[in-house]
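Structure file start36.txt with compact mmCIF, C-alpha atoms:
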```txt
# COMPACT_ATOMS: atom_id res chain seq x y z
CA MET A 1 13.72 11.88 34.80
CA ASP A 2 16.61 11.51 32.34
CA ASN A 3 16.14 10.74 28.67
CA VAL A 4 17.11 7.08 28.96
CA GLU A 5 14.35 6.61 31.46
CA LYS A 6 11.90 8.70 29.44
CA LEU A 7 12.59 6.52 26.42
CA ARG A 8 11.93 3.33 28.36
CA LYS A 9 8.73 4.71 29.74
CA ALA A 10 7.59 5.83 26.28
CA PHE A 11 8.22 2.36 24.86
CA ALA A 12 6.46 0.69 27.77
CA GLU A 13 3.49 3.00 27.46
CA ALA A 14 3.13 2.77 23.68
CA LEU A 15 3.71 -0.96 23.38
CA GLN A 16 1.96 -1.82 26.63
CA ILE A 17 4.80 -3.95 27.87
CA SER A 18 6.81 -4.07 31.05
CA GLU A 19 9.88 -1.86 31.23
CA ASP A 20 12.01 -4.91 31.99
CA VAL A 21 11.57 -6.17 28.44
CA ILE A 22 12.93 -2.99 26.95
CA THR A 23 16.60 -3.32 26.10
CA ASP A 24 18.59 -1.72 23.30
CA ASP A 25 18.40 -4.99 21.37
CA LEU A 26 14.62 -5.18 21.34
CA LYS A 27 13.56 -5.19 17.70
CA TYR A 28 10.48 -4.12 15.81
CA ASN A 29 8.22 -7.10 15.05
CA SER A 30 10.26 -9.38 17.33
CA ILE A 31 7.48 -9.42 19.91
CA LYS A 32 3.80 -9.37 19.12
CA GLU A 33 3.29 -6.19 21.12
CA TRP A 34 5.58 -4.22 18.81
CA ASP A 35 3.82 -4.63 15.49
CA SER A 36 2.93 -2.11 12.83
CA VAL A 37 -0.13 -0.88 14.73
CA ALA A 38 1.82 -0.37 17.95
CA HIS A 39 4.60 1.25 15.94
CA MET A 40 2.25 4.11 15.09
CA ALA A 41 1.42 4.55 18.77
CA LEU A 42 5.12 4.48 19.59
CA VAL A 43 5.90 7.21 17.08
CA ALA A 44 3.15 9.43 18.50
CA GLU A 45 4.35 8.78 22.04
CA LEU A 46 7.98 9.61 21.25
CA GLU A 47 6.92 12.81 19.53
CA ASP A 48 4.91 13.85 22.57
CA VAL A 49 7.47 12.91 25.19
CA PHE A 50 10.44 14.50 23.44
CA ASP A 51 8.51 17.25 21.68
CA ILE A 52 9.87 16.45 18.22
CA MET A 53 8.45 15.69 14.75
CA LEU A 54 9.61 12.51 13.11
CA ASP A 55 9.44 12.05 9.34
CA THR A 56 8.49 8.97 7.34
CA ASP A 57 12.11 7.83 6.88
CA ASP A 58 12.58 7.87 10.65
CA ILE A 59 9.57 5.62 11.03
CA ILE A 60 10.91 2.90 8.76
CA GLU A 61 14.38 3.16 10.20
CA MET A 62 13.21 2.81 13.78
CA SER A 63 13.69 -0.93 13.81
CA SER A 64 15.01 -1.36 17.37
CA VAL A 65 15.27 0.49 20.66
CA MET A 66 18.89 1.21 19.77
CA LYS A 67 17.81 2.72 16.42
CA ALA A 68 15.21 4.83 18.19
CA ARG A 69 17.97 6.31 20.33
CA GLU A 70 20.05 7.10 17.27
CA ILE A 71 17.13 8.76 15.54
CA LEU A 72 16.25 10.82 18.60
CA THR A 73 19.86 11.93 18.90
CA LYS A 74 19.47 13.43 15.44
CA TYR A 75 16.80 15.66 16.94
CA ASN A 76 19.13 16.76 19.73
CA VAL A 77 17.77 14.42 22.35
CA GLU A 78 20.83 13.42 24.35
CA PHE A 79 21.41 10.08 26.00
CA SER A 80 24.41 10.49 28.21
CA MET B 1 19.54 -5.58 -5.22
CA GLN B 2 17.38 -5.88 -2.09
CA GLU B 3 18.77 -2.91 -0.24
CA THR B 4 19.70 -0.82 -3.24
CA MET B 5 16.21 -1.15 -4.64
CA PHE B 6 15.09 1.29 -1.98
CA GLU B 7 17.88 3.71 -2.73
CA ILE B 8 17.35 4.26 -6.41
CA SER B 9 14.93 6.99 -7.32
CA VAL B 10 11.38 5.63 -7.44
CA TYR B 11 10.51 7.27 -10.75
CA GLY B 12 13.93 8.39 -11.92
CA LEU B 13 15.10 5.54 -14.12
CA PRO B 14 14.41 5.49 -17.85
CA GLN B 15 12.66 2.27 -18.85
CA PRO B 16 15.64 0.44 -20.45
CA GLU B 17 17.82 0.93 -17.37
CA LYS B 18 15.02 0.05 -15.02
CA GLU B 19 14.24 -3.14 -16.93
CA LYS B 20 17.82 -4.35 -16.58
CA LEU B 21 17.74 -3.99 -12.80
CA LEU B 22 14.25 -5.37 -12.42
CA LEU B 23 14.95 -8.36 -14.66
CA LYS B 24 17.93 -9.33 -12.56
CA ARG B 25 15.85 -9.17 -9.41
CA LEU B 26 12.87 -11.04 -10.91
CA ASN B 27 15.11 -13.80 -12.25
CA HIS B 28 16.57 -14.11 -8.80
CA LEU B 29 13.06 -14.33 -7.34
CA THR B 30 11.97 -17.01 -9.83
CA GLU B 31 14.98 -19.09 -8.85
CA HIS B 32 14.36 -18.44 -5.15
CA HIS B 33 10.73 -19.54 -5.38
CA VAL B 34 11.59 -22.64 -7.44
CA GLU B 35 13.97 -23.63 -4.67
CA ASN B 36 11.64 -22.83 -1.81
CA SER B 37 8.13 -23.55 -3.00
CA GLY B 38 7.46 -27.07 -4.18
CA ALA B 39 4.18 -26.09 -5.77
CA TYR B 40 5.73 -23.23 -7.67
CA ALA B 41 8.61 -25.43 -8.84
CA LYS B 42 6.11 -27.93 -10.23
CA ILE B 43 4.27 -25.23 -12.16
CA ILE B 44 7.47 -23.88 -13.66
CA ARG B 45 8.67 -27.36 -14.58
CA ALA B 46 5.33 -28.31 -16.11
CA ARG B 47 5.40 -25.22 -18.26
CA GLY B 48 8.87 -26.10 -19.38
CA VAL B 49 10.03 -22.51 -19.17
CA SER B 50 13.49 -21.44 -18.22
CA ALA B 51 13.88 -19.74 -14.85
CA GLU B 52 16.30 -17.32 -16.43
CA ALA B 53 14.24 -14.89 -18.49
CA ALA B 54 15.98 -12.79 -21.13
CA SER B 55 13.43 -9.99 -20.91
CA LEU B 56 10.67 -8.92 -18.52
CA ASP B 57 7.95 -10.43 -20.67
CA GLU B 58 9.60 -13.85 -20.43
CA VAL B 59 9.41 -13.96 -16.64
CA PRO B 60 6.96 -16.80 -15.90
CA PHE B 61 3.71 -15.43 -14.49
CA LEU B 62 0.94 -16.97 -12.43
CA PRO B 63 -2.73 -16.11 -12.67
CA VAL B 64 -3.63 -14.04 -9.64
CA ARG B 65 -6.58 -16.33 -8.99
CA LEU B 66 -4.21 -19.12 -7.98
CA PHE B 67 -3.75 -17.43 -4.60
CA LYS B 68 -7.42 -18.03 -3.90
CA THR B 69 -7.30 -21.73 -4.41
CA HIS B 70 -3.80 -22.42 -3.12
CA LEU B 71 -1.71 -21.21 -0.26
CA LEU B 72 1.58 -20.68 -2.04
CA SER B 73 4.47 -20.16 0.31
CA SER B 74 8.22 -19.96 -0.04
CA ILE B 75 9.04 -19.91 3.65
CA PRO B 76 9.06 -22.51 6.42
CA GLU B 77 6.03 -22.40 8.70
CA GLU B 78 7.94 -20.92 11.63
CA GLU B 79 8.88 -17.87 9.57
CA ARG B 80 5.26 -17.13 8.83
CA PHE B 81 4.55 -13.75 10.26
CA LYS B 82 1.31 -12.49 8.85
CA LEU B 83 -1.42 -13.74 6.59
CA LEU B 84 -2.95 -11.14 4.32
CA THR B 85 -6.36 -11.82 2.91
CA SER B 86 -8.29 -10.10 0.19
CA SER B 87 -11.62 -8.57 0.98
CA GLY B 88 -13.56 -11.63 -0.16
CA THR B 89 -17.20 -10.82 -0.39
CA THR B 90 -19.74 -13.50 0.45
CA GLY B 91 -19.55 -16.57 -1.70
CA GLN B 92 -16.22 -15.60 -3.12
CA GLN B 93 -12.92 -17.14 -2.33
CA VAL B 94 -10.33 -14.96 -0.72
CA SER B 95 -6.68 -14.71 -1.62
CA GLN B 96 -4.26 -15.70 1.08
CA ILE B 97 -0.81 -14.19 1.05
CA VAL B 98 1.88 -15.45 3.38
CA LEU B 99 4.34 -12.90 4.70
CA ASN B 100 7.56 -13.18 6.61
CA ARG B 101 9.13 -10.21 8.36
CA LYS B 102 11.40 -9.35 5.48
CA THR B 103 8.70 -9.21 2.82
CA ALA B 104 6.40 -7.26 5.16
CA GLU B 105 9.20 -4.78 5.71
CA TYR B 106 9.85 -4.44 1.97
CA GLN B 107 6.17 -3.72 1.48
CA SER B 108 6.04 -0.89 3.98
CA ARG B 109 9.27 0.59 2.72
CA ALA B 110 8.05 0.50 -0.86
CA VAL B 111 4.78 2.26 -0.05
CA ILE B 112 6.66 4.92 1.86
CA LYS B 113 9.18 5.52 -0.91
CA ILE B 114 6.43 5.77 -3.50
CA MET B 115 4.15 8.03 -1.50
CA GLN B 116 6.99 10.33 -0.46
CA ASP B 117 7.12 11.37 -4.09
CA TYR B 118 3.59 12.71 -3.81
CA LEU B 119 3.34 13.72 -0.16
CA GLY B 120 6.89 14.63 0.84
CA LYS B 121 8.83 13.14 3.73
CA GLN B 122 7.07 15.11 6.40
CA ARG B 123 4.14 13.54 8.11
CA ILE B 124 1.03 15.64 7.92
CA PRO B 125 -2.37 15.65 9.61
CA MET B 126 -4.39 12.73 8.29
CA LEU B 127 -8.07 12.01 7.90
CA ILE B 128 -8.87 8.37 7.27
CA ILE B 129 -12.13 7.79 5.43
CA ASP B 130 -12.92 4.62 7.34
CA HIS B 131 -13.57 3.54 10.91
CA PRO B 132 -11.00 2.58 13.55
CA LYS B 133 -12.11 -1.04 13.96
CA VAL B 134 -10.84 -1.99 10.54
CA VAL B 135 -7.27 -2.23 11.87
CA LYS B 136 -8.23 -3.94 15.09
CA ASP B 137 -7.49 -7.58 14.42
CA ARG B 138 -3.75 -7.43 14.32
CA SER B 139 -2.77 -10.97 13.38
CA SER B 140 -4.66 -11.17 10.15
CA PHE B 141 -5.36 -8.06 8.22
CA SER B 142 -7.89 -7.57 5.53
CA ALA B 143 -6.66 -5.77 2.46
CA ARG B 144 -8.46 -2.72 3.79
CA GLY B 145 -6.70 -2.79 7.14
CA ALA B 146 -3.30 -3.36 5.58
CA GLY B 147 -3.85 -0.51 3.14
CA ILE B 148 -4.83 1.92 5.85
CA LEU B 149 -1.96 0.92 8.06
CA GLY B 150 0.59 1.35 5.29
CA MET B 151 -0.66 4.86 4.65
CA MET B 152 -0.77 5.80 8.32
CA ASN B 153 2.98 6.29 8.25
CA PHE B 154 2.27 9.62 6.59
CA GLY B 155 -0.30 10.76 9.07
CA ARG B 156 0.36 12.80 12.13
CA LYS B 157 -2.30 12.02 14.74
CA PRO B 158 -4.69 10.35 12.31
CA VAL B 159 -8.41 10.92 12.72
CA TYR B 160 -11.13 8.57 11.45
CA ALA B 161 -14.02 10.11 9.53
CA LEU B 162 -16.46 7.27 10.24
CA LYS B 163 -17.67 6.17 13.64
CA ASP B 164 -17.81 2.39 13.43
CA GLU B 165 -19.18 -0.51 11.38
CA THR B 166 -22.37 1.41 10.76
CA MET B 167 -20.27 3.72 8.54
CA GLU B 168 -21.97 6.70 10.08
CA ILE B 169 -20.03 9.87 9.46
CA ASP B 170 -18.42 11.42 12.52
CA TRP B 171 -19.19 15.11 12.10
CA SER B 172 -17.66 16.23 15.33
CA ALA B 173 -14.35 14.53 14.52
CA ILE B 174 -14.36 15.94 10.99
CA ASP B 175 -15.32 19.47 11.99
CA THR B 176 -12.67 19.62 14.70
CA PHE B 177 -10.10 18.30 12.25
CA VAL B 178 -11.05 20.77 9.53
CA ASP B 179 -11.06 23.75 11.91
CA LYS B 180 -7.63 22.85 13.14
CA HIS B 181 -5.92 22.06 9.86
CA GLN B 182 -7.65 23.73 6.96
CA ASP B 183 -4.78 26.09 6.26
CA GLU B 184 -2.09 23.43 6.04
CA PRO B 185 -1.43 20.43 3.84
CA ILE B 186 -3.45 17.45 4.99
CA PHE B 187 -3.62 13.88 3.81
CA LEU B 188 -6.87 12.01 3.30
CA PHE B 189 -6.94 8.31 2.56
CA GLY B 190 -9.68 5.82 1.97
CA PHE B 191 -10.95 3.13 -0.34
CA THR B 192 -12.59 4.50 -3.45
CA PHE B 193 -16.02 3.08 -2.80
CA MET B 194 -15.97 4.09 0.87
CA VAL B 195 -14.89 7.63 0.02
CA TRP B 196 -17.66 7.84 -2.50
CA LYS B 197 -20.51 6.25 -0.60
CA TYR B 198 -19.85 7.26 3.00
CA PHE B 199 -18.15 10.59 2.49
CA VAL B 200 -18.80 12.36 -0.81
CA THR B 201 -22.45 11.42 -1.26
CA VAL B 202 -23.19 11.95 2.44
CA LEU B 203 -21.69 15.43 2.32
CA GLU B 204 -23.75 16.13 -0.80
CA GLN B 205 -27.01 14.86 0.70
CA GLN B 206 -26.60 16.72 3.94
CA SER B 207 -25.24 19.77 2.11
CA HIS B 208 -22.47 19.87 4.63
CA LYS B 209 -19.50 21.32 2.80
CA ILE B 210 -16.01 21.32 4.13
CA ASN B 211 -13.11 23.33 2.80
CA LEU B 212 -9.72 21.70 2.53
CA PRO B 213 -7.94 23.55 -0.29
CA HIS B 214 -4.59 22.06 0.73
CA GLY B 215 -5.90 18.54 1.07
CA ILE B 216 -4.43 15.60 -0.82
CA LEU B 217 -6.78 12.66 -1.26
CA VAL B 218 -5.34 9.24 -2.01
CA HIS B 219 -7.74 6.40 -2.73
CA SER B 220 -7.72 2.88 -4.08
CA GLY B 221 -9.73 -0.32 -4.27
CA GLY B 222 -11.21 -0.38 -7.71
CA TRP B 223 -14.03 1.25 -9.64
CA LYS B 224 -16.33 -1.71 -10.14
CA LYS B 225 -19.00 -0.59 -7.70
CA LEU B 226 -18.84 2.99 -8.91
CA GLN B 227 -19.07 1.97 -12.53
CA ASP B 228 -22.48 0.51 -11.71
CA GLU B 229 -23.47 4.04 -10.75
CA ALA B 230 -21.76 5.38 -13.88
CA VAL B 231 -19.14 7.18 -11.82
CA GLY B 232 -15.67 7.24 -13.31
CA ASN B 233 -12.50 8.99 -12.26
CA GLU B 234 -13.42 12.36 -13.77
CA ILE B 235 -16.83 12.59 -12.10
CA PHE B 236 -15.32 11.34 -8.87
CA LYS B 237 -12.73 14.12 -8.88
CA GLU B 238 -15.25 16.82 -9.75
CA ARG B 239 -17.61 15.84 -6.99
CA VAL B 240 -14.90 15.42 -4.38
CA GLU B 241 -13.71 18.92 -5.17
CA ALA B 242 -17.23 20.31 -5.07
CA VAL B 243 -17.90 19.11 -1.52
CA SER B 244 -14.43 19.47 -0.03
CA GLY B 245 -12.33 21.88 -2.06
CA ILE B 246 -9.74 19.14 -2.55
CA ARG B 247 -8.05 19.33 -5.93
CA ARG B 248 -5.10 17.00 -5.49
CA ILE B 249 -6.57 13.55 -5.89
CA HIS B 250 -4.53 10.43 -6.55
CA ASN B 251 -6.05 7.08 -7.27
CA PHE B 252 -3.77 4.07 -7.14
CA TYR B 253 -3.89 0.58 -8.57
CA GLY B 254 -2.69 -2.22 -6.38
CA MET B 255 -3.74 -5.58 -5.01
CA VAL B 256 -3.35 -7.68 -1.91
CA GLU B 257 -1.29 -10.19 -3.90
CA GLN B 258 1.36 -7.52 -4.41
CA VAL B 259 1.04 -5.17 -1.45
CA GLY B 260 3.62 -2.40 -1.50
CA SER B 261 4.33 -1.98 -5.17
CA ILE B 262 1.45 0.31 -5.98
CA PHE B 263 0.82 2.25 -9.17
CA VAL B 264 -0.14 5.81 -8.36
CA GLU B 265 -1.99 8.26 -10.59
CA CYS B 266 0.00 11.43 -11.21
CA GLU B 267 -1.17 15.01 -11.72
CA HIS B 268 -1.82 14.15 -15.36
CA GLY B 269 -4.12 11.27 -14.58
CA ARG B 270 -1.73 8.47 -15.55
CA LEU B 271 -0.86 5.48 -13.40
CA HIS B 272 2.89 5.13 -12.94
CA ALA B 273 5.03 2.05 -12.40
CA PRO B 274 7.58 2.66 -9.62
CA SER B 275 11.14 1.31 -9.65
CA PHE B 276 10.14 -1.83 -7.71
CA ALA B 277 7.42 -2.82 -10.12
CA ASP B 278 6.26 -2.82 -13.69
CA VAL B 279 3.25 -3.56 -15.84
CA ASN B 280 2.95 -5.49 -19.02
CA ILE B 281 -0.17 -5.75 -21.14
CA ARG B 282 -0.81 -9.18 -22.61
CA ASN B 283 -2.83 -10.12 -25.61
CA PRO B 284 -5.46 -12.59 -24.34
CA TYR B 285 -5.24 -14.82 -27.41
CA ASP B 286 -1.55 -15.71 -27.41
CA TRP B 287 -0.18 -13.95 -24.28
CA SER B 288 2.13 -11.86 -26.39
CA SER B 289 2.95 -8.40 -25.07
CA ALA B 290 0.80 -5.61 -26.42
CA GLY B 291 2.22 -2.33 -27.68
CA ILE B 292 1.45 1.19 -26.50
CA GLY B 293 -2.27 1.94 -26.70
CA GLN B 294 -3.28 -1.67 -27.35
CA LYS B 295 -5.81 -3.15 -24.96
CA GLY B 296 -5.07 -6.38 -23.17
CA ILE B 297 -4.83 -8.10 -19.81
CA ILE B 298 -2.72 -6.40 -17.16
CA GLU B 299 0.25 -8.32 -15.81
CA VAL B 300 1.97 -6.87 -12.76
CA LEU B 301 5.59 -7.47 -11.79
CA SER B 302 6.98 -6.75 -8.35
CA ALA B 303 10.47 -6.96 -6.89
CA LEU B 304 9.13 -7.36 -3.34
CA PRO B 305 7.60 -10.84 -2.80
CA GLU B 306 10.11 -13.21 -1.25
CA SER B 307 7.83 -15.14 1.07
CA TYR B 308 5.39 -16.19 -1.68
CA PRO B 309 5.80 -16.64 -5.44
CA GLY B 310 3.88 -13.53 -6.47
CA HIS B 311 6.49 -11.53 -8.34
CA ALA B 312 4.79 -11.92 -11.73
CA LEU B 313 1.00 -12.08 -11.80
CA LEU B 314 -1.58 -11.97 -14.50
CA THR B 315 -4.50 -9.93 -13.15
CA GLU B 316 -8.14 -10.10 -14.19
CA ASP B 317 -8.15 -6.48 -15.28
CA GLU B 318 -8.06 -5.02 -18.72
CA GLY B 319 -5.80 -2.08 -19.47
CA LYS B 320 -3.43 -0.40 -21.87
CA ILE B 321 -0.03 1.25 -21.78
CA THR B 322 -0.33 5.01 -22.24
CA GLY B 323 3.36 5.81 -22.57
CA ILE B 324 6.96 4.97 -21.74
CA ASP B 325 9.24 7.63 -20.25
CA SER B 326 6.88 10.19 -21.75
CA CYS B 327 4.52 11.49 -19.08
CA PRO B 328 4.36 15.29 -18.89
CA CYS B 329 4.73 15.02 -15.10
CA GLY B 330 8.37 14.02 -15.62
CA ARG B 331 8.23 10.63 -13.92
CA MET B 332 10.03 7.99 -15.91
CA GLY B 333 8.95 4.47 -16.77
CA LYS B 334 5.69 3.04 -18.03
CA THR B 335 2.31 4.66 -17.55
CA PHE B 336 -0.96 2.85 -18.05
CA GLU B 337 -4.69 2.99 -17.71
CA VAL B 338 -6.99 0.42 -16.15
CA ILE B 339 -10.04 -0.07 -18.33
CA GLY B 340 -11.92 -2.40 -16.03
CA ARG B 341 -12.48 -5.95 -14.94
CA LEU B 342 -12.42 -8.65 -17.54
CA PRO B 343 -16.03 -9.58 -18.30
CA LYS B 344 -15.81 -13.08 -16.86
CA ALA B 345 -13.80 -12.17 -13.78
CA GLU B 346 -15.33 -12.73 -10.41
CA LEU B 347 -16.60 -9.41 -9.10
CA ARG B 348 -14.17 -8.17 -6.54
CA GLY B 349 -12.58 -5.07 -5.08
CA CYS B 350 -11.14 -4.15 -1.71
CA SER B 351 -13.79 -1.62 -0.91
CA ASP B 352 -16.63 -3.89 -1.94
CA THR B 353 -16.47 -5.79 1.30
CA PHE B 354 -18.78 -3.77 3.41
CA GLN B 355 -22.06 -4.02 1.58
CA ASP B 356 -22.12 -7.72 1.15
CA LYS B 357 -20.62 -8.77 4.39
CA GLY B 358 -22.17 -6.15 6.60
CA ARG B 359 -18.85 -5.39 8.24
```

Can I see the file as structure tokens?
Amino acid sequence: MDNVEKLRKAFAEALQISEDVITDDLKYNSIKEWDSVAHMALVAELEDVFDIMLDTDDIIEMSSVMKAREILTKYNVEFS
Amino acid sequence: MQETMFEISVYGLPQPEKEKLLLKRLNHLTEHHVENSGAYAKIIRARGVSAEAASLDEVPFLPVRLFKTHLLSSIPEEERFKLLTSSGTTGQQVSQIVLNRKTAEYQSRAVIKIMQDYLGKQRIPMLIIDHPKVVKDRSSFSARGAGILGMMNFGRKPVYALKDETMEIDWSAIDTFVDKHQDEPIFLFGFTFMVWKYFVTVLEQQSHKINLPHGILVHSGGWKKLQDEAVGNEIFKERVEAVSGIRRIHNFYGMVEQVGSIFVECEHGRLHAPSFADVNIRNPYDWSSAGIGQKGIIEVLSALPESYPGHALLTEDEGKITGIDSCPCGRMGKTFEVIGRLPKAELRGCSDTFQDKGR
């Protein structure tokens, strides 16, 4: 499974939504499933799936799927 | 100002410089709320004050109690994103605070910026002195739920110390957590009364000691209930340390009407105003500003509230300024002490909810 797919799966799992909804433009708090509670679950899921440790700045900056990709890239997760 | 307010150092600005920035922002907020909240505009007009204050103590303030009797909003209904409510014990009216996405985001960013100064940027193992159900209803949070959630950003794999609404302590969760993390920095958070009643005194009674020498305990919610038991901050700290080995303990002063801009107690026991907020002590007889060391009513100012006119609020607490740019911890700005509730104020505090409501 490549990282793009892993990311989609992680979002779907953490936010309990269908993978079809997950596009780069999907934004934090734009759907009721991605609220501050789910955000915590998302952070934990991303850390598990990609085996990284996010800091508190990453958490506030992760305001869209696109942003999540950028942040993960910082931790050497590549999205080709 | 909006974006830069999160870039300037939270405790780095000397008071005169900070006041200039904050005044600009608060004047902007007054104007914004006059334009967007009919009720607020009426109050300002009736008072005959100018929206453009020349100093922080001229910024028109509202009594915090107004949010209990009126839903004051500066956003159209469709922008309404969350409704925060105060704990509201039985027979008391609760405050209702309307949030849009932007203000909610400012609040979480502010808490993070402030707490990073005490906890660092890294997220660390976290023990929440509460039970998981308190954050369950996601559309309308109690002050307790919102507080816990804001702090959870700092926690890696947070664990709850209490089982459920019965407030029964979860020994197996705590023991596993302590075994795993006692040699590293850990973060504990809870409401003052909950920490005291369902954690500290339970550990004492059951003589079940834990050892968390690297633990940092952050707590808030007010001392009212503990004052009835003659427990103040000093005794609280001593007894927390005695049962848990935790020496780094930070209380903070904050309220649901101004979530985000919290005033945290430093290593020297003083409450500090962060860059997004300030305090002013007012003389109850003529509302003039009190000098350093003079007792009066605490007014809180916050740069965050855009969705409701709560940027300048007169609380129902008594306090005094303990210094300006002078704390030995090195943080700049005003420091203050909360003396207690005003005698006539309705008894209230975030962590009071449980007993009366049986939640």

Please return, as a list of chain:residue names, all residues of chain A lying within 10 Å of chain B when all atoms listed in the file are considered.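 In the required form, that comes to A:Tyr28, A:Asn29, A:Ser30, A:Lys32, A:Glu33, A:Asp35, A:Ser36, A:Val37, A:Ala38, A:His39, A:Met40, A:Ala41, A:Val43, A:Ala44, A:Glu47, A:Met53, A:Leu54, A:Asp55, A:Thr56, A:Asp57, A:Asp58, A:Ile59, A:Ile60, A:Glu61.
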
For a cut-off of 12 Å around (-1.3, -8.6, -27.8), file coordinates, pick out all residues using all atoms listed in the file and list them as a PyMOL selection string. chain B and resi 57+280-298+318-321

For the residues in the current selection, export C-alpha atoms as a JSON list (two decimals), in the frame of the given file.
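Result file selection.json:
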```json
[["chain", "number", "residue", "atom", "x", "y", "z"],
["B", 57, "ASP", "CA", 7.95, -10.43, -20.67],
["B", 280, "ASN", "CA", 2.95, -5.49, -19.02],
["B", 281, "ILE", "CA", -0.17, -5.75, -21.14],
["B", 282, "ARG", "CA", -0.81, -9.18, -22.61],
["B", 283, "ASN", "CA", -2.83, -10.12, -25.61],
["B", 284, "PRO", "CA", -5.46, -12.59, -24.34],
["B", 285, "TYR", "CA", -5.24, -14.82, -27.41],
["B", 286, "ASP", "CA", -1.55, -15.71, -27.41],
["B", 287, "TRP", "CA", -0.18, -13.95, -24.28],
["B", 288, "SER", "CA", 2.13, -11.86, -26.39],
["B", 289, "SER", "CA", 2.95, -8.40, -25.07],
["B", 290, "ALA", "CA", 0.80, -5.61, -26.42],
["B", 291, "GLY", "CA", 2.22, -2.33, -27.68],
["B", 292, "ILE", "CA", 1.45, 1.19, -26.50],
["B", 293, "GLY", "CA", -2.27, 1.94, -26.70],
["B", 294, "GLN", "CA", -3.28, -1.67, -27.35],
["B", 295, "LYS", "CA", -5.81, -3.15, -24.96],
["B", 296, "GLY", "CA", -5.07, -6.38, -23.17],
["B", 297, "ILE", "CA", -4.83, -8.10, -19.81],
["B", 298, "ILE", "CA", -2.72, -6.40, -17.16],
["B", 318, "GLU", "CA", -8.06, -5.02, -18.72],
["B", 319, "GLY", "CA", -5.80, -2.08, -19.47],
["B", 320, "LYS", "CA", -3.43, -0.40, -21.87],
["B", 321, "ILE", "CA", -0.03, 1.25, -21.78]]
```

Using Å and a single decimal, report how far CA of Ser55 in chain B sits from CA of Lys20 in chain B.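 Between these atoms lies a distance of 8.4 Å.
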
Find the residue from B:Glu7, B:Glu58, B:Glu52, B:Glu337 that sits nearest to Lys24 in chain B; use all atoms listed in the file when measuring.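 For Lys24 in chain B, the nearest of the given residues is B:Glu52.
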
CA of Arg69 in chain A and CA of Ser18 in chain A, how far apart in Å?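 A separation of 18.6 Å between them.
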
Just give me the gap between CA of Ala51 in chain B and CA of Ala277 in chain B in Å, one decimal is fine.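 Value for the CA of Ala51 in chain B-CA of Ala277 in chain B distance: 18.7 Å.
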